[in-house]
Amino acid sequence: MGMGEEKIALEAALVAVEDAPTLEDYLLTEKLAGELWPELRAKLLEHLRDPEAVSWSSEATGIFLHEELWDDAIAIVERDGEYDAVAQVADAVIEHRPEWVIRTALAQAERIVESGQARYYHH
């Protein structure tokens with residue numbers, strides 16, 4: 001791949017991560033960025049932290065977990081609260097934020113039991 005093609009590929013990868021982030025595209029961007037990665041990484045992570053710009057919480061959560069940015073992943077699931085995303089984050093951060101996992105699991109269980117929603121018991 002020539003220099004011009006590499007630049008175009010990197011620009012396309014950046015747009016993909018900013019518009020509809022996936023961990024796969026994020027990792028591709030890292031690979032394509034080379035020595036530019038630290039600066040681009042900071043820019044992308046800041047973008048993913050913006051709740052107005054990002055509506056794909058599970059994808060952003062996966063990127064934050066990959067980067068071991070536990071508190072950023074927690075912030076997303078606290079804001080969006082999807083059961084599967086909460087479980088994913090709880091599994092990943094249990095060694096790093098056990099208090100949060102316990103507090104979150106108890107609150108989730110109480111909500112489910114108190115509302116009598118048996119179909120959600122497995123969560």
# chains A, B, ... in the order shown; residues from 1 in each chain; ligands from 1
$ select_by_dssp --residues "chain A" --states "alpha helix (DSSP H)" --output "JSON, numbers by chain"
{"A": [3, 4, 5, 6, 7, 8, 9, 10, 11, 12, 13, 14, 15, 16, 17, 18, 19, 23, 24, 25, 26, 27, 28, 29, 30, 31, 32, 33, 37, 38, 39, 40, 41, 42, 43, 44, 45, 46, 47, 48, 49, 57, 58, 59, 60, 61, 62, 63, 64, 65, 66, 70, 71, 72, 73, 74, 75, 76, 77, 78, 79, 80, 83, 84, 85, 86, 87, 88, 89, 90, 91, 92, 93, 98, 99, 100, 101, 102, 103, 104, 105, 106, 107, 108, 109, 110, 111, 112, 113, 114]}
$ closest_residue --among "A:Ser115, A:Thr104, A:Thr29, A:Thr22" --to "A:Glu78" --atoms "only C-alpha atoms"
A:Thr104
$ closest_residue --among "A:His96, A:Leu44, A:Leu36, A:Leu106" --to "A:Ala16" --atoms "only C-alpha atoms"
A:Leu44
$ closest_residue --among "A:Leu32, A:Pro98, A:Glu82, A:Ala73" --to "A:Glu5" --atoms "only C-alpha atoms"
A:Leu32
$ residues_around --residues "A:Ala20" --least-positions-apart "2" --cutoff "12 Å" --atoms "only C-alpha atoms" --output "PDB file with N, CA and C atoms, in the first residue's frame"
ATOM      1  N   ALA A  12     -10.405   6.857   6.500  1.00  0.00           N
ATOM      2  CA  ALA A  12     -11.649   6.077   6.457  1.00  0.00           C
ATOM      3  C   ALA A  12     -11.878   5.350   7.774  1.00  0.00           C
ATOM      4  N   ALA A  13     -10.822   4.800   8.348  1.00  0.00           N
ATOM      5  CA  ALA A  13     -10.939   4.096   9.627  1.00  0.00           C
ATOM      6  C   ALA A  13     -11.353   5.065  10.735  1.00  0.00           C
ATOM      7  N   LEU A  14     -10.784   6.261  10.736  1.00  0.00           N
ATOM      8  CA  LEU A  14     -11.157   7.264  11.736  1.00  0.00           C
ATOM      9  C   LEU A  14     -12.629   7.637  11.623  1.00  0.00           C
ATOM     10  N   VAL A  15     -13.092   7.845  10.414  1.00  0.00           N
ATOM     11  CA  VAL A  15     -14.496   8.188  10.201  1.00  0.00           C
ATOM     12  C   VAL A  15     -15.389   7.046  10.685  1.00  0.00           C
ATOM     13  N   ALA A  16     -14.990   5.813  10.387  1.00  0.00           N
ATOM     14  CA  ALA A  16     -15.793   4.658  10.807  1.00  0.00           C
ATOM     15  C   ALA A  16     -15.911   4.605  12.323  1.00  0.00           C
ATOM     16  N   VAL A  17     -14.810   4.801  13.026  1.00  0.00           N
ATOM     17  CA  VAL A  17     -14.842   4.741  14.489  1.00  0.00           C
ATOM     18  C   VAL A  17     -15.651   5.901  15.064  1.00  0.00           C
ATOM     19  N   GLU A  18     -15.535   7.069  14.467  1.00  0.00           N
ATOM     20  CA  GLU A  18     -16.290   8.213  14.971  1.00  0.00           C
ATOM     21  C   GLU A  18     -17.782   8.096  14.681  1.00  0.00           C
ATOM     22  N   THR A  22     -16.693   0.379  16.361  1.00  0.00           N
ATOM     23  CA  THR A  22     -16.600  -1.021  16.747  1.00  0.00           C
ATOM     24  C   THR A  22     -15.170  -1.241  17.227  1.00  0.00           C
ATOM     25  N   LEU A  23     -14.983  -2.230  18.065  1.00  0.00           N
ATOM     26  CA  LEU A  23     -13.637  -2.541  18.526  1.00  0.00           C
ATOM     27  C   LEU A  23     -12.760  -2.940  17.345  1.00  0.00           C
ATOM     28  N   GLU A  24     -13.327  -3.658  16.402  1.00  0.00           N
ATOM     29  CA  GLU A  24     -12.571  -4.083  15.219  1.00  0.00           C
ATOM     30  C   GLU A  24     -12.029  -2.871  14.448  1.00  0.00           C
ATOM     31  N   ASP A  25     -12.878  -1.882  14.201  1.00  0.00           N
ATOM     32  CA  ASP A  25     -12.435  -0.681  13.487  1.00  0.00           C
ATOM     33  C   ASP A  25     -11.449   0.131  14.318  1.00  0.00           C
ATOM     34  N   TYR A  26     -11.663   0.162  15.619  1.00  0.00           N
ATOM     35  CA  TYR A  26     -10.752   0.878  16.511  1.00  0.00           C
ATOM     36  C   TYR A  26      -9.349   0.259  16.441  1.00  0.00           C
ATOM     37  N   LEU A  44     -10.051   9.955  19.701  1.00  0.00           N
ATOM     38  CA  LEU A  44     -11.153   9.000  19.570  1.00  0.00           C
ATOM     39  C   LEU A  44     -11.798   8.708  20.917  1.00  0.00           C
ATOM     40  N   HIS A  47     -13.977  11.504  21.962  1.00  0.00           N
ATOM     41  CA  HIS A  47     -15.219  11.462  21.178  1.00  0.00           C
ATOM     42  C   HIS A  47     -16.181  10.414  21.748  1.00  0.00           C
ATOM     43  N   LEU A  48     -15.652   9.247  22.108  1.00  0.00           N
ATOM     44  CA  LEU A  48     -16.494   8.170  22.633  1.00  0.00           C
ATOM     45  C   LEU A  48     -17.065   8.501  24.011  1.00  0.00           C
ATOM     46  N   ALA A  53     -22.560  12.451  21.115  1.00  0.00           N
ATOM     47  CA  ALA A  53     -21.989  11.991  19.851  1.00  0.00           C
ATOM     48  C   ALA A  53     -22.080  10.482  19.678  1.00  0.00           C
ATOM     49  N   VAL A  54     -22.222   9.761  20.774  1.00  0.00           N
ATOM     50  CA  VAL A  54     -22.154   8.303  20.703  1.00  0.00           C
ATOM     51  C   VAL A  54     -23.461   7.692  21.186  1.00  0.00           C
ATOM     52  N   SER A  55     -24.095   6.935  20.320  1.00  0.00           N
ATOM     53  CA  SER A  55     -25.333   6.257  20.706  1.00  0.00           C
ATOM     54  C   SER A  55     -25.172   4.743  20.691  1.00  0.00           C
ATOM     55  N   TRP A  56     -23.964   4.265  20.533  1.00  0.00           N
ATOM     56  CA  TRP A  56     -23.700   2.827  20.446  1.00  0.00           C
ATOM     57  C   TRP A  56     -22.974   2.417  21.708  1.00  0.00           C
ATOM     58  N   SER A  57     -23.669   2.406  22.807  1.00  0.00           N
ATOM     59  CA  SER A  57     -23.036   2.213  24.100  1.00  0.00           C
ATOM     60  C   SER A  57     -22.272   0.907  24.215  1.00  0.00           C
ATOM     61  N   SER A  58     -22.811  -0.186  23.688  1.00  0.00           N
ATOM     62  CA  SER A  58     -22.105  -1.460  23.857  1.00  0.00           C
ATOM     63  C   SER A  58     -20.795  -1.471  23.090  1.00  0.00           C
ATOM     64  N   GLU A  59     -20.757  -0.831  21.942  1.00  0.00           N
ATOM     65  CA  GLU A  59     -19.511  -0.770  21.174  1.00  0.00           C
ATOM     66  C   GLU A  59     -18.483   0.122  21.865  1.00  0.00           C
ATOM     67  N   ALA A  60     -18.904   1.288  22.326  1.00  0.00           N
ATOM     68  CA  ALA A  60     -17.991   2.179  23.035  1.00  0.00           C
ATOM     69  C   ALA A  60     -17.505   1.516  24.318  1.00  0.00           C
TER      70      ALA A  60
END
$ atom_distance --atom1 "atom CA of A:Arg103" --atom2 "atom CA of A:Gly62"
21.2 Å
$ residues_around --residues "A:Gln88" --least-positions-apart "3" --cutoff "12 Å" --atoms "only C-alpha atoms" --output "NGL selection string"
:A and (57-59 or 61-66 or 70 or 73-74 or 76-77 or 81-85 or 91-94 or 101 or 123)
$ write_last_selection --atoms "C-alpha atoms" --output "CSV table (one decimal), in the first residue's frame"
chain,number,residue,atom,x,y,z
A,57,SER,CA,-23.0,2.2,24.1
A,58,SER,CA,-22.1,-1.5,23.9
A,59,GLU,CA,-19.5,-0.8,21.2
A,61,THR,CA,-18.0,0.1,26.2
A,62,GLY,CA,-16.0,-2.6,24.5
A,63,ILE,CA,-13.4,-0.1,23.4
A,64,PHE,CA,-13.1,1.3,26.9
A,65,LEU,CA,-12.7,-2.2,28.3
A,66,HIS,CA,-10.1,-3.0,25.7
A,70,TRP,CA,-12.8,1.0,33.7
A,73,ALA,CA,-17.0,1.9,30.6
A,74,ILE,CA,-18.9,2.1,33.9
A,76,ILE,CA,-21.6,4.4,29.9
A,77,VAL,CA,-23.6,1.5,31.4
A,81,GLY,CA,-28.1,0.6,31.6
A,82,GLU,CA,-28.7,-2.2,29.1
A,83,TYR,CA,-28.6,-5.6,30.9
A,84,ASP,CA,-26.1,-7.2,28.6
A,85,ALA,CA,-23.7,-4.2,28.6
A,91,ASP,CA,-17.4,-9.2,34.3
A,92,ALA,CA,-14.5,-7.1,33.1
A,93,VAL,CA,-14.1,-4.8,36.1
A,94,ILE,CA,-14.9,-7.1,39.0
A,101,VAL,CA,-20.2,-4.5,40.7
A,123,HIS,CA,-30.0,-10.9,34.4
$ atom_distance --atom1 "atom CA of A:Asp50" --atom2 "atom CA of A:Glu35"
25.1 Å
